>>> print(open('entry34.cif').read())   # mmCIF, C-alpha atoms
data_model
#
loop_
_atom_site.label_atom_id
_atom_site.label_comp_id
_atom_site.auth_asym_id
_atom_site.auth_seq_id
_atom_site.Cartn_x
_atom_site.Cartn_y
_atom_site.Cartn_z
CA MET M 490 -70.20 44.85 -140.53
CA LYS M 491 -73.68 45.90 -139.39
CA THR M 492 -73.79 42.92 -137.03
CA LYS M 493 -70.46 43.94 -135.45
CA ILE M 494 -71.69 47.52 -134.90
CA THR M 495 -74.94 46.32 -133.36
CA SER M 496 -73.01 43.96 -131.11
CA LYS M 497 -70.72 46.77 -129.99
CA VAL M 498 -73.67 49.06 -129.18
CA LEU M 499 -75.35 46.33 -127.15
CA GLU M 500 -72.10 45.68 -125.31
CA ASP M 501 -71.76 49.38 -124.41
CA ILE M 502 -75.37 49.54 -123.19
CA SER M 503 -74.84 46.40 -121.13
CA LYS M 504 -71.73 47.88 -119.50
CA ARG M 505 -73.58 51.10 -118.63
CA LEU M 506 -76.50 49.22 -117.12
CA GLN M 507 -74.12 47.03 -115.18
CA GLY M 508 -72.35 50.11 -113.86
CA GLU M 509 -75.66 51.61 -112.72
CA SER M 510 -76.64 48.37 -111.00
CA ILE M 511 -73.30 48.28 -109.20
CA ILE M 512 -73.86 51.81 -107.88
CA GLU M 513 -77.35 50.89 -106.69
CA LYS M 514 -75.97 47.76 -105.03
CA GLU M 515 -73.29 49.86 -103.28
CA LYS M 516 -76.02 52.16 -101.94
CA GLU M 517 -78.03 49.17 -100.74
CA ASP M 518 -75.00 47.53 -99.15
CA LYS M 519 -74.31 50.73 -97.17
CA THR M 520 -77.78 50.66 -95.59
CA LEU M 521 -77.48 49.83 -91.92
CA LYS M 522 -78.84 46.34 -91.32
CA ALA M 523 -79.38 45.33 -87.72
CA LEU M 524 -79.82 41.82 -86.39
CA ILE M 525 -82.10 41.81 -83.35
CA VAL M 526 -81.20 38.87 -81.07
CA LEU M 527 -83.91 37.79 -78.66
CA ASN M 528 -83.58 35.62 -75.57
CA GLY M 529 -86.36 34.14 -73.45
CA SER M 530 -87.00 37.07 -71.12
CA ASN M 531 -90.16 39.17 -71.66
CA ILE M 532 -89.55 41.84 -69.00
CA ASP M 533 -90.50 45.24 -70.51
CA LEU M 534 -90.09 43.61 -73.92
CA SER M 535 -93.05 45.38 -75.55
CA GLU M 536 -91.48 48.78 -74.91
CA LYS M 537 -88.14 47.59 -76.25
CA ILE M 538 -89.74 46.23 -79.43
CA GLU M 539 -91.42 49.61 -79.96
CA ASN M 540 -88.03 51.31 -79.68
CA ILE M 541 -86.63 48.96 -82.31
CA LYS M 542 -89.64 49.78 -84.50
CA LYS M 543 -88.64 53.45 -84.24
CA LEU M 544 -85.19 52.52 -85.52
CA LYS M 545 -86.79 50.77 -88.46
CA ASN M 546 -88.89 53.86 -89.18
CA ARG M 547 -85.61 55.83 -89.40
CA GLY M 548 -84.50 53.61 -92.30
CA ILE M 549 -82.60 50.87 -90.50
CA LYS M 550 -83.41 47.41 -91.84
CA VAL M 551 -83.89 44.70 -89.22
CA SER M 552 -83.93 40.93 -89.04
CA LEU M 553 -84.75 38.74 -86.03
CA ALA M 554 -82.85 35.89 -84.39
CA PHE M 555 -84.66 33.85 -81.72
CA SER M 556 -82.98 31.67 -79.12
CA PHE M 557 -84.34 28.22 -78.27
CA MET M 558 -86.10 29.61 -75.17
CA ALA M 559 -87.32 32.75 -76.96
CA GLU M 560 -89.23 30.56 -79.42
CA ARG M 561 -91.02 28.92 -76.51
CA LEU M 562 -91.55 31.81 -74.07
CA LEU M 563 -92.13 34.88 -76.25
CA ASP M 564 -95.02 35.83 -78.47
CA THR M 565 -92.80 35.53 -81.54
CA GLN M 566 -95.61 36.08 -84.02
CA ARG M 567 -96.56 39.40 -82.44
CA ILE M 568 -92.92 40.53 -82.58
CA ILE M 569 -92.67 39.48 -86.22
CA ASN M 570 -95.90 41.29 -87.10
CA THR M 571 -94.70 44.45 -85.34
CA LEU M 572 -91.23 44.61 -86.90
CA GLN M 573 -91.84 42.97 -90.29
CA PRO M 574 -88.20 41.75 -90.45
CA LEU M 575 -86.16 41.06 -93.56
CA GLU M 576 -85.33 37.57 -92.32
CA ILE M 577 -86.01 35.36 -89.31
CA TYR M 578 -83.38 33.07 -87.80
CA LYS M 579 -83.80 30.30 -85.25
CA GLU M 580 -81.60 27.99 -83.18
CA GLU M 581 -80.99 25.62 -86.09
CA ASP M 582 -79.41 28.47 -88.07
CA ILE M 583 -76.31 28.23 -85.88
CA ILE M 584 -74.66 26.47 -88.83
CA LYS M 585 -75.06 29.66 -90.91
CA LEU M 586 -73.04 31.96 -88.64
CA LYS M 587 -70.53 33.03 -91.28
CA ASP M 588 -73.20 33.94 -93.83
CA ILE M 589 -75.34 35.73 -91.25
CA SER M 590 -72.43 37.84 -89.99
CA LYS M 591 -71.73 39.05 -93.54
CA LYS M 592 -75.26 40.41 -93.96
CA TYR M 593 -75.54 42.66 -90.92
CA SER M 594 -73.67 45.72 -89.64
CA ILE M 595 -74.69 45.50 -85.99
CA ILE M 596 -76.39 43.34 -83.37
CA ILE M 597 -78.97 44.66 -80.93
CA GLY M 598 -79.81 42.54 -77.87
CA PRO M 599 -82.79 44.13 -76.08
CA ASN M 600 -83.32 41.32 -73.54
CA ILE M 601 -79.99 39.67 -72.79
CA THR M 602 -80.29 36.98 -70.10
CA MET M 603 -77.81 35.75 -67.52
CA ASN M 604 -77.47 32.52 -69.46
CA THR M 605 -76.29 34.33 -72.59
CA LEU M 606 -74.16 36.86 -70.69
CA SER M 607 -72.28 34.20 -68.70
CA LYS M 608 -71.70 31.99 -71.74
CA ILE M 609 -70.13 34.82 -73.75
CA SER M 610 -68.07 36.10 -70.82
CA LEU M 611 -66.69 32.61 -70.21
CA GLY M 612 -66.30 31.73 -73.89
CA MET M 613 -68.88 28.92 -73.67
CA ILE M 614 -70.54 29.65 -77.01
CA ASP M 615 -72.45 26.42 -77.55
CA THR M 616 -75.86 27.87 -78.50
CA PHE M 617 -77.16 30.19 -81.22
CA ILE M 618 -77.45 33.67 -79.64
CA PRO M 619 -74.15 33.53 -77.68
CA ASN M 620 -72.47 32.33 -80.87
CA LEU M 621 -73.90 35.21 -82.89
CA ILE M 622 -72.82 37.84 -80.36
CA TRP M 623 -69.37 36.26 -79.98
CA THR M 624 -68.92 36.22 -83.77
CA PHE M 625 -69.80 39.91 -84.15
CA LEU M 626 -67.51 40.91 -81.27
CA TYR M 627 -64.75 38.72 -82.70
CA GLN M 628 -65.10 40.50 -86.05
CA GLY M 629 -65.00 43.93 -84.43
CA LYS M 630 -68.59 44.78 -85.30
CA LYS M 631 -70.80 46.85 -83.01
CA VAL M 632 -72.92 44.95 -80.52
CA TYR M 633 -75.53 46.83 -78.48
CA LEU M 634 -76.81 44.99 -75.40
CA ASP M 635 -79.43 45.83 -72.78
CA PHE M 636 -78.52 44.20 -69.43
CA ASN M 637 -81.72 45.20 -67.61
CA GLN M 638 -82.98 41.60 -67.50
CA VAL M 639 -79.70 40.51 -65.93
CA LYS M 640 -79.71 43.26 -63.32
CA LYS M 641 -83.40 42.62 -62.51
CA TYR M 642 -83.78 38.87 -62.66
CA LEU M 643 -87.52 38.03 -62.76
CA GLY M 644 -88.16 41.76 -62.60
CA GLU M 645 -86.49 42.39 -59.23
CA GLU M 646 -83.05 43.52 -58.06
CA THR M 647 -81.14 41.22 -55.71
CA LYS M 648 -79.56 42.10 -52.37
CA ASN M 649 -77.18 39.17 -52.63
CA LYS M 650 -73.76 40.84 -52.88
CA GLU M 651 -72.01 37.81 -54.40
CA ILE M 652 -74.59 37.54 -57.18
CA LEU M 653 -74.22 41.27 -57.80
CA ASN M 654 -70.43 40.87 -57.99
CA ILE M 655 -70.72 37.99 -60.47
CA THR M 656 -73.22 39.92 -62.60
CA ASP M 657 -71.11 43.07 -62.63
CA ARG M 658 -68.00 41.05 -63.48
CA TYR M 659 -69.66 39.39 -66.47
CA ILE M 660 -71.05 42.70 -67.73
CA ASP M 661 -67.64 44.33 -67.34
CA THR M 662 -66.00 41.44 -69.24
CA ILE M 663 -68.36 41.59 -72.22
CA LYS M 664 -68.03 45.40 -72.36
CA LYS M 665 -64.26 45.00 -72.49
CA MET M 666 -64.82 42.65 -75.44
CA GLY M 667 -66.47 45.58 -77.23
CA ALA M 668 -70.17 45.37 -76.35
CA ILE M 669 -71.96 48.69 -75.92
CA GLU M 670 -74.47 48.93 -73.08
CA ILE M 671 -77.83 50.42 -74.01
CA ASP M 672 -81.14 51.03 -72.29
CA ASP M 673 -84.51 52.43 -73.27
CA LYS M 674 -83.17 55.99 -72.97
CA ASN M 675 -80.07 55.81 -75.20
CA ILE M 676 -80.80 53.06 -77.74
CA LEU M 677 -82.11 55.51 -80.34
CA GLU M 678 -79.39 58.09 -79.72
CA ASN M 679 -76.47 55.66 -80.03
CA ILE M 680 -77.64 53.64 -83.01
CA ILE M 681 -79.05 56.54 -85.03
CA LYS M 682 -75.68 58.29 -84.70
CA ASP M 683 -73.95 55.24 -86.16
CA TYR M 684 -76.53 55.13 -88.94
CA ARG M 685 -75.90 58.78 -89.85
CA ASP M 686 -72.14 58.24 -89.85
CA LEU M 687 -72.61 55.29 -92.21
CA GLN M 688 -74.78 57.37 -94.54
CA ILE M 689 -72.20 60.18 -94.64
CA GLU M 690 -69.40 57.71 -95.36
CA SER M 691 -71.49 56.06 -98.08
CA GLN M 692 -72.33 59.38 -99.77
CA THR M 693 -68.72 60.51 -99.60
CA ASN M 694 -67.55 57.32 -101.30
CA LEU M 695 -70.21 57.57 -104.01
CA ASN M 696 -69.30 61.21 -104.74
CA LYS M 697 -65.62 60.48 -105.19
CA VAL M 698 -64.48 61.03 -108.79
CA PRO M 699 -61.81 58.60 -110.00
CA GLN M 700 -58.54 60.40 -110.61
CA THR M 701 -57.14 60.11 -114.12
CA LYS M 702 -53.49 59.19 -114.28
CA GLU M 703 -51.18 60.63 -116.87
CA GLU M 704 -48.41 58.68 -118.55
CA GLU M 705 -45.78 59.80 -120.97
CA ILE M 706 -44.02 57.69 -123.57
CA PRO M 707 -40.25 58.19 -123.82
CA GLN M 708 -39.22 60.68 -126.53
CA ALA M 709 -37.39 57.96 -128.47
CA LYS M 710 -40.65 56.06 -129.00
CA THR M 711 -42.06 57.20 -132.37
CA VAL M 712 -44.62 54.44 -132.99
CA ILE M 713 -47.26 53.44 -130.44
CA THR M 714 -48.56 49.91 -130.90
CA GLU M 715 -51.34 47.87 -129.34
CA LYS M 716 -48.75 46.26 -127.06
CA ASP M 717 -47.89 49.68 -125.55
CA ILE M 718 -51.55 50.36 -124.74
CA ILE M 719 -52.07 46.89 -123.25
CA SER M 720 -49.25 47.57 -120.79
CA MET M 721 -51.06 50.67 -119.48
CA SER M 722 -53.76 50.72 -116.81
CA SER M 723 -57.35 51.58 -117.76
CA ASN M 724 -58.97 55.02 -117.25
CA ASN M 725 -55.71 56.72 -118.08
CA LYS M 726 -54.28 59.57 -120.13
CA LEU M 727 -51.39 59.12 -122.58
CA ILE M 728 -49.37 62.21 -123.52
CA LEU M 729 -47.36 61.90 -126.75
CA PRO M 730 -45.01 64.26 -128.56
CA LYS M 731 -45.92 65.62 -131.99
CA GLY M 732 -45.05 63.30 -134.88
CA THR M 733 -45.76 60.09 -132.91
CA ILE M 734 -47.47 57.42 -135.00
CA ILE M 735 -50.34 55.52 -133.37
CA THR M 736 -51.38 52.27 -135.01
CA PRO M 737 -55.11 51.61 -135.61
CA LEU M 738 -55.02 48.64 -133.23
CA ALA M 739 -53.48 50.87 -130.56
CA LYS M 740 -56.30 53.40 -131.00
CA ASP M 741 -58.94 50.67 -130.70
CA LYS M 742 -57.32 49.30 -127.57
CA ALA M 743 -57.11 52.82 -126.06
CA ARG M 744 -60.84 53.33 -126.59
CA GLU M 745 -61.55 49.92 -125.08
CA LYS M 746 -59.52 50.74 -121.94
CA ASN M 747 -60.81 54.32 -121.71
CA ILE M 748 -57.33 55.79 -122.30
CA LYS M 749 -57.33 59.33 -123.60
CA ILE M 750 -54.50 60.17 -125.98
CA GLU M 751 -53.17 63.72 -126.16
CA ILE M 752 -50.52 65.05 -128.54
CA LYS M 753 -48.32 67.87 -127.25
#
>>> encode(input="entry34.cif", output="structure tokens")
Amino acid sequence: MKTKITSKVLEDISKRLQGESIIEKEKEDKTLKALIVLNGSNIDLSEKIENIKKLKNRGIKVSLAFSFMAERLLDTQRIINTLQPLEIYKEEDIIKLKDISKKYSIIIGPNITMNTLSKISLGMIDTFIPNLIWTFLYQGKKVYLDFNQVKKYLGEETKNKEILNITDRYIDTIKKMGAIEIDDKNILENIIKDYRDLQIESQTNLNKVPQTKEEEIPQAKTVITEKDIISMSSNNKLILPKGTIITPLAKDKAREKNIKIEIK
């Protein structure tokens, strides 16, 4: 008998601890996690990395994804040291697209190149970064992209009207897909707003108190058995008329399913 009681107490403690861990996990899952995708352009990149660092200082968790060219042209170690990311992804991680997309709420592309822009606009997603951006857009997630490197190829604007038309057309196409254009002036404003909205939504969900349902047993039912309780949903309230008999097994099952019994 003592062993059974001890076992029951341990089971109750385990359930409570599990419930607490679930709540903590829900809080963690609601934290905004951003995947920073980096191409091979380094125009004004230092300033853009500093802006992303400011986002991190506001509580947003970041990871990095480097394209094939970014690994070869950028000072990746300096970027990693500055941002201290959760995780780092490279071109070979293209096979992990599904898992990666589950982990992050948004994508931020601070140095999108013409190569990436044209591939996404034309649906030619054969490399890592275009595939990531396409996947997030496809799933309806928010994608923030800075097109400055596209508009100022090699740091300069072009006077070639046809190139300008092509560039504008590709940018317009990807924005119609759902991408949000950002620059150094509005990156903090746009993303922090989304972060605050997520926090409010998370807190609202955590503060919601489960509503207790009430069920009544037909008047003709004078004996409540375990079978009656099993048929009810958990976290419930059972209202019974005076004189109703409740079997011991029914009472045990009610406690197990958190069903409150009231006699009226």
>>> closest_residue(input="entry34.cif", among="M:Gly548, M:Pro737, M:Gly612, M:Gly644", to="Leu534 (chain M)", atoms="all atoms listed in the file")
M:Gly644
>>> closest_atom_pairs(input="entry34.cif", of="region 537-571 of chain M", to="region 526-530 of chain M", cutoff="8 Å", atoms="all atoms listed in the file", output="CSV")
residue,atom,partner,partner_atom,distance
M:Leu553,CA,M:Val526,CA,6.1
M:Ala554,CA,M:Val526,CA,4.8
M:Phe555,CA,M:Leu527,CA,5.0
M:Ser556,CA,M:Asn528,CA,5.3
M:Phe557,CA,M:Gly529,CA,7.9
M:Met558,CA,M:Gly529,CA,4.9
M:Ala559,CA,M:Gly529,CA,3.9
M:Glu560,CA,M:Gly529,CA,7.5
M:Arg561,CA,M:Gly529,CA,7.6
M:Leu562,CA,M:Gly529,CA,5.7
M:Leu563,CA,M:Gly529,CA,6.5
>>> write_last_selection(input="entry34.cif", atoms="C-alpha atoms", output="compact mmCIF listing (two decimals), keeping the file's coordinate frame")
# COMPACT_ATOMS: atom_id res chain seq x y z
CA LEU M 553 -84.75 38.74 -86.03
CA ALA M 554 -82.85 35.89 -84.39
CA PHE M 555 -84.66 33.85 -81.72
CA SER M 556 -82.98 31.67 -79.12
CA PHE M 557 -84.34 28.22 -78.27
CA MET M 558 -86.10 29.61 -75.17
CA ALA M 559 -87.32 32.75 -76.96
CA GLU M 560 -89.23 30.56 -79.42
CA ARG M 561 -91.02 28.92 -76.51
CA LEU M 562 -91.55 31.81 -74.07
CA LEU M 563 -92.13 34.88 -76.25
>>> residues_around(input="entry34.cif", residues="Thr605 (chain M)", least_positions_apart="5", cutoff="9 Å", atoms="only C-alpha atoms", output="list in words")
Asn528, Ser610, Ile614, Thr616, Ile618 and Pro619 of chain M
>>> resolve_selection(input="entry34.cif", expression="the PyMOL selection byres ((chain M and resi 714) around 10)", output="ChimeraX atom specification")
/M:711-713,715-719,734-740,742
>>> residues_around(input="entry34.cif", residues="region 590-594 of chain M", least_positions_apart="2", cutoff="9 Å", atoms="only C-alpha atoms", output="list of chain:residue names")
M:Asp518, M:Thr520, M:Leu521, M:Lys522, M:Ala523, M:Leu524, M:Val551, M:Ser552, M:Lys585, M:Leu586, M:Lys587, M:Asp588, M:Ile596, M:Leu621, M:Thr624, M:Phe625, M:Gln628, M:Lys630, M:Lys631
>>> resolve_selection(input="entry34.cif", expression="the PyMOL selection byres ((chain M and resi 597-600) around 6)", output="number ranges by chain")
M: 525-526, 596, 601, 633-635
>>> closest_residue(input="entry34.cif", among="M:Ser720, M:Asn620, M:Asn531, M:Thr733", to="Asn637 (chain M)", atoms="only C-alpha atoms")
M:Asn531
>>> atom_distance(input="entry34.cif", atom1="CA of Ile622 (chain M)", atom2="CA of Glu539 (chain M)")
22.0 Å
>>> residues_around(input="entry34.cif", residues="Glu536 (chain M)", least_positions_apart="4", cutoff="10 Å", atoms="all atoms listed in the file", output="PyMOL selection string")
chain M and resi 532+540-542+599+673
>>> atom_distance(input="entry34.cif", atom1="CA of Arg547 (chain M)", atom2="CA of Thr571 (chain M)")
15.1 Å
>>> atom_distance(input="entry34.cif", atom1="CA of Ile671 (chain M)", atom2="CA of Phe636 (chain M)")
7.8 Å
>>> closest_residue(input="entry34.cif", among="M:Asp741, M:Leu626, M:Lys640, M:Thr662", to="Thr602 (chain M)", atoms="all atoms listed in the file")
M:Lys640
>>> closest_residue(input="entry34.cif", among="M:Leu575, M:Ile569, M:Ser535, M:Val632", to="Lys664 (chain M)", atoms="all atoms listed in the file")
M:Val632
>>> build_atoms(input="entry34.cif", residues="region 739-750 of chain M", atoms="all heavy atoms", output="PDB file, keeping the file's coordinate frame")
ATOM      1  N   ALA M 739     -53.767  50.165-131.809  1.00  0.00           N
ATOM      2  CA  ALA M 739     -53.480  50.870-130.560  1.00  0.00           C
ATOM      3  C   ALA M 739     -54.615  51.825-130.208  1.00  0.00           C
ATOM      4  O   ALA M 739     -55.017  51.941-129.049  1.00  0.00           O
ATOM      5  CB  ALA M 739     -52.163  51.644-130.690  1.00  0.00           C
ATOM      6  N   LYS M 740     -55.175  52.495-131.236  1.00  0.00           N
ATOM      7  CA  LYS M 740     -56.300  53.400-131.000  1.00  0.00           C
ATOM      8  C   LYS M 740     -57.524  52.645-130.503  1.00  0.00           C
ATOM      9  O   LYS M 740     -58.232  53.085-129.582  1.00  0.00           O
ATOM     10  CB  LYS M 740     -56.636  54.163-132.284  1.00  0.00           C
ATOM     11  CG  LYS M 740     -55.561  55.169-132.703  1.00  0.00           C
ATOM     12  CD  LYS M 740     -55.959  55.873-133.993  1.00  0.00           C
ATOM     13  CE  LYS M 740     -54.890  56.882-134.423  1.00  0.00           C
ATOM     14  NZ  LYS M 740     -55.248  57.541-135.696  1.00  0.00           N
ATOM     15  N   ASP M 741     -57.796  51.487-131.120  1.00  0.00           N
ATOM     16  CA  ASP M 741     -58.940  50.670-130.700  1.00  0.00           C
ATOM     17  C   ASP M 741     -58.788  50.225-129.251  1.00  0.00           C
ATOM     18  O   ASP M 741     -59.739  50.260-128.459  1.00  0.00           O
ATOM     19  CB  ASP M 741     -59.080  49.446-131.616  1.00  0.00           C
ATOM     20  CG  ASP M 741     -59.541  49.817-133.022  1.00  0.00           C
ATOM     21  OD1 ASP M 741     -60.079  50.933-133.189  1.00  0.00           O
ATOM     22  OD2 ASP M 741     -59.348  49.010-133.947  1.00  0.00           O
ATOM     23  N   LYS M 742     -57.574  49.787-128.928  1.00  0.00           N
ATOM     24  CA  LYS M 742     -57.320  49.300-127.570  1.00  0.00           C
ATOM     25  C   LYS M 742     -57.441  50.441-126.551  1.00  0.00           C
ATOM     26  O   LYS M 742     -57.933  50.246-125.433  1.00  0.00           O
ATOM     27  CB  LYS M 742     -55.942  48.651-127.490  1.00  0.00           C
ATOM     28  CG  LYS M 742     -55.575  48.058-126.139  1.00  0.00           C
ATOM     29  CD  LYS M 742     -56.561  46.986-125.702  1.00  0.00           C
ATOM     30  CE  LYS M 742     -56.484  45.745-126.580  1.00  0.00           C
ATOM     31  NZ  LYS M 742     -57.365  44.654-126.068  1.00  0.00           N
ATOM     32  N   ALA M 743     -57.011  51.655-126.946  1.00  0.00           N
ATOM     33  CA  ALA M 743     -57.110  52.820-126.060  1.00  0.00           C
ATOM     34  C   ALA M 743     -58.574  53.141-125.763  1.00  0.00           C
ATOM     35  O   ALA M 743     -58.937  53.448-124.620  1.00  0.00           O
ATOM     36  CB  ALA M 743     -56.407  54.016-126.692  1.00  0.00           C
ATOM     37  N   ARG M 744     -59.412  53.077-126.801  1.00  0.00           N
ATOM     38  CA  ARG M 744     -60.840  53.330-126.590  1.00  0.00           C
ATOM     39  C   ARG M 744     -61.444  52.275-125.664  1.00  0.00           C
ATOM     40  O   ARG M 744     -62.252  52.572-124.780  1.00  0.00           O
ATOM     41  CB  ARG M 744     -61.576  53.344-127.937  1.00  0.00           C
ATOM     42  CG  ARG M 744     -61.446  54.647-128.713  1.00  0.00           C
ATOM     43  CD  ARG M 744     -62.427  54.698-129.865  1.00  0.00           C
ATOM     44  NE  ARG M 744     -62.114  53.719-130.889  1.00  0.00           N
ATOM     45  CZ  ARG M 744     -61.288  53.945-131.911  1.00  0.00           C
ATOM     46  NH1 ARG M 744     -60.720  55.140-132.047  1.00  0.00           N
ATOM     47  NH2 ARG M 744     -61.045  53.004-132.806  1.00  0.00           N
ATOM     48  N   GLU M 745     -61.031  51.032-125.880  1.00  0.00           N
ATOM     49  CA  GLU M 745     -61.550  49.920-125.080  1.00  0.00           C
ATOM     50  C   GLU M 745     -61.191  50.080-123.604  1.00  0.00           C
ATOM     51  O   GLU M 745     -61.982  49.768-122.713  1.00  0.00           O
ATOM     52  CB  GLU M 745     -60.978  48.608-125.616  1.00  0.00           C
ATOM     53  CG  GLU M 745     -61.442  47.370-124.875  1.00  0.00           C
ATOM     54  CD  GLU M 745     -60.784  46.111-125.400  1.00  0.00           C
ATOM     55  OE1 GLU M 745     -60.544  46.018-126.623  1.00  0.00           O
ATOM     56  OE2 GLU M 745     -60.489  45.220-124.582  1.00  0.00           O
ATOM     57  N   LYS M 746     -59.999  50.598-123.317  1.00  0.00           N
ATOM     58  CA  LYS M 746     -59.520  50.740-121.940  1.00  0.00           C
ATOM     59  C   LYS M 746     -59.765  52.147-121.373  1.00  0.00           C
ATOM     60  O   LYS M 746     -59.283  52.470-120.295  1.00  0.00           O
ATOM     61  CB  LYS M 746     -58.030  50.406-121.861  1.00  0.00           C
ATOM     62  CG  LYS M 746     -57.701  48.979-122.267  1.00  0.00           C
ATOM     63  CD  LYS M 746     -56.221  48.666-122.088  1.00  0.00           C
ATOM     64  CE  LYS M 746     -55.819  48.650-120.633  1.00  0.00           C
ATOM     65  NZ  LYS M 746     -54.420  48.248-120.429  1.00  0.00           N
ATOM     66  N   ASN M 747     -60.512  52.963-122.149  1.00  0.00           N
ATOM     67  CA  ASN M 747     -60.810  54.320-121.710  1.00  0.00           C
ATOM     68  C   ASN M 747     -59.528  55.114-121.448  1.00  0.00           C
ATOM     69  O   ASN M 747     -59.376  55.781-120.414  1.00  0.00           O
ATOM     70  CB  ASN M 747     -61.697  54.313-120.462  1.00  0.00           C
ATOM     71  CG  ASN M 747     -62.312  55.683-120.188  1.00  0.00           C
ATOM     72  OD1 ASN M 747     -62.529  56.464-121.124  1.00  0.00           O
ATOM     73  ND2 ASN M 747     -62.561  55.985-118.915  1.00  0.00           N
ATOM     74  N   ILE M 748     -58.599  55.044-122.379  1.00  0.00           N
ATOM     75  CA  ILE M 748     -57.330  55.790-122.300  1.00  0.00           C
ATOM     76  C   ILE M 748     -57.386  56.936-123.279  1.00  0.00           C
ATOM     77  O   ILE M 748     -57.542  56.732-124.492  1.00  0.00           O
ATOM     78  CB  ILE M 748     -56.125  54.866-122.602  1.00  0.00           C
ATOM     79  CG1 ILE M 748     -56.025  53.765-121.527  1.00  0.00           C
ATOM     80  CG2 ILE M 748     -54.839  55.685-122.682  1.00  0.00           C
ATOM     81  CD1 ILE M 748     -54.973  52.731-121.815  1.00  0.00           C
ATOM     82  N   LYS M 749     -57.285  58.136-122.764  1.00  0.00           N
ATOM     83  CA  LYS M 749     -57.330  59.330-123.600  1.00  0.00           C
ATOM     84  C   LYS M 749     -55.921  59.672-124.097  1.00  0.00           C
ATOM     85  O   LYS M 749     -54.981  59.760-123.321  1.00  0.00           O
ATOM     86  CB  LYS M 749     -57.898  60.510-122.800  1.00  0.00           C
ATOM     87  CG  LYS M 749     -58.107  61.771-123.617  1.00  0.00           C
ATOM     88  CD  LYS M 749     -58.724  62.856-122.759  1.00  0.00           C
ATOM     89  CE  LYS M 749     -58.945  64.122-123.589  1.00  0.00           C
ATOM     90  NZ  LYS M 749     -59.548  65.213-122.756  1.00  0.00           N
ATOM     91  N   ILE M 750     -55.812  59.870-125.388  1.00  0.00           N
ATOM     92  CA  ILE M 750     -54.500  60.170-125.980  1.00  0.00           C
ATOM     93  C   ILE M 750     -54.428  61.647-126.337  1.00  0.00           C
ATOM     94  O   ILE M 750     -55.313  62.186-127.006  1.00  0.00           O
ATOM     95  CB  ILE M 750     -54.254  59.310-127.246  1.00  0.00           C
ATOM     96  CG1 ILE M 750     -54.258  57.828-126.873  1.00  0.00           C
ATOM     97  CG2 ILE M 750     -52.940  59.707-127.921  1.00  0.00           C
ATOM     98  CD1 ILE M 750     -54.129  56.886-128.061  1.00  0.00           C
TER      99      ILE M 750
END
